[in-house]
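Participant: The structure that follows is given in the form of C-alpha cells.
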Amino acid sequence: MKKILFALFAVGAMTLTSCHQDDVPATAIEVVGEGISNNQVEMISGNTLQLGVVFTPSNTTRKTVVYSSDNEAVATVSADGVITAHDNGWATITIRNAEWPYASTKLKVHVTGATLPVAGDEVSQGEAEARKMESPDE
C-alpha cells in the first residue's frame, strides 16, 4: 500500500512541477496587419501580407502561434504568418495559440486580381470585367 501511495505521490509531484505557477494562459488572440478590418482582408493575387497577433491578456507567457489555411489554392500562410494570395476566391486563415489551443481566431481572406482565361488570352480580373462590360448584350 505504501508503494502505491508513494507512486501516486511521485506522479502527482511530476504533474505539478511540469505546470509553471507563473504561466498566464491566453484567453484571446487578435490578428492585426495592413488592411485587416473585422477579421477580414482584401488581397490582390501575387501579393503578401505579414500578420501580427495581440494576446489577451498582454502578459500571456506562451505566445507561440500556429497558422493554417482552409483553401491553399486561394491563399497560403507560412509558419511565421506571411499570407501569400494566389487565386481569386476566399480562404480562411486560422491562428491559434500552440500551448493554449482554445485561444484562436480566424481571418477571412478575399483574393482578386488573378489572371483569367478570356477567349484564348490571359488577362487580369479587372480587364476581364471591362471586356464583359464592353461586349454588346446578345
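Going through the C-alpha cells in order, the chains are called A, B, and so on, while each chain numbers its residues from 1 and the ligands are numbered from 1 in the order shown.
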For Val41 (chain A), list every protein, DNA or RNA residue within 7 Å, evaluated using only C-alpha atoms, and leave out those in the same chain fewer than 6 positions away; present the list as a PyMOL selection string.
Facilitator: chain A and resi 35+108-110
Participant: Dump N, CA, C and O atoms for the selected residues as a compact mmCIF listing (two decimals), in the first residue's frame?
Facilitator:
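Contents of out.txt, as written:
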```
# COMPACT_ATOMS: atom_id res chain seq x y z
N GLY A 35 -4.59 46.59 -43.64
CA GLY A 35 -5.83 46.35 -44.35
C GLY A 35 -6.82 45.44 -43.65
O GLY A 35 -7.92 45.23 -44.15
N LYS A 108 -10.73 36.02 -42.58
CA LYS A 108 -11.25 35.75 -43.92
C LYS A 108 -10.40 36.54 -44.92
O LYS A 108 -10.22 37.75 -44.76
N VAL A 109 -9.89 35.86 -45.94
CA VAL A 109 -9.06 36.49 -46.97
C VAL A 109 -9.80 36.41 -48.30
O VAL A 109 -10.17 35.31 -48.74
N HIS A 110 -10.02 37.56 -48.93
CA HIS A 110 -10.66 37.61 -50.24
C HIS A 110 -9.59 38.02 -51.25
O HIS A 110 -9.02 39.10 -51.15
```
Participant: Which residues, written as a PyMOL selection string, have at least one atom at most 12 Å from region 25-29 of chain A, with only C-alpha atoms counted and residues fewer than 5 positions away on the same chain left out?
Facilitator: chain A and resi 19-20+39+52-66+94-107
Participant: If I take CA of Val74 (chain A) and CA of Asp87 (chain A), how far is one from the other in Å, to one decimal?
Facilitator: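 The value is 4.5 Å.
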Participant: I'd like the interatomic distance between CA of Ser69 (chain A) and CA of Ile93 (chain A), to a tenth of an Å.
Facilitator: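 If I compute the distance from CA of Ser69 (chain A) to CA of Ile93 (chain A), I get 4.5 Å.
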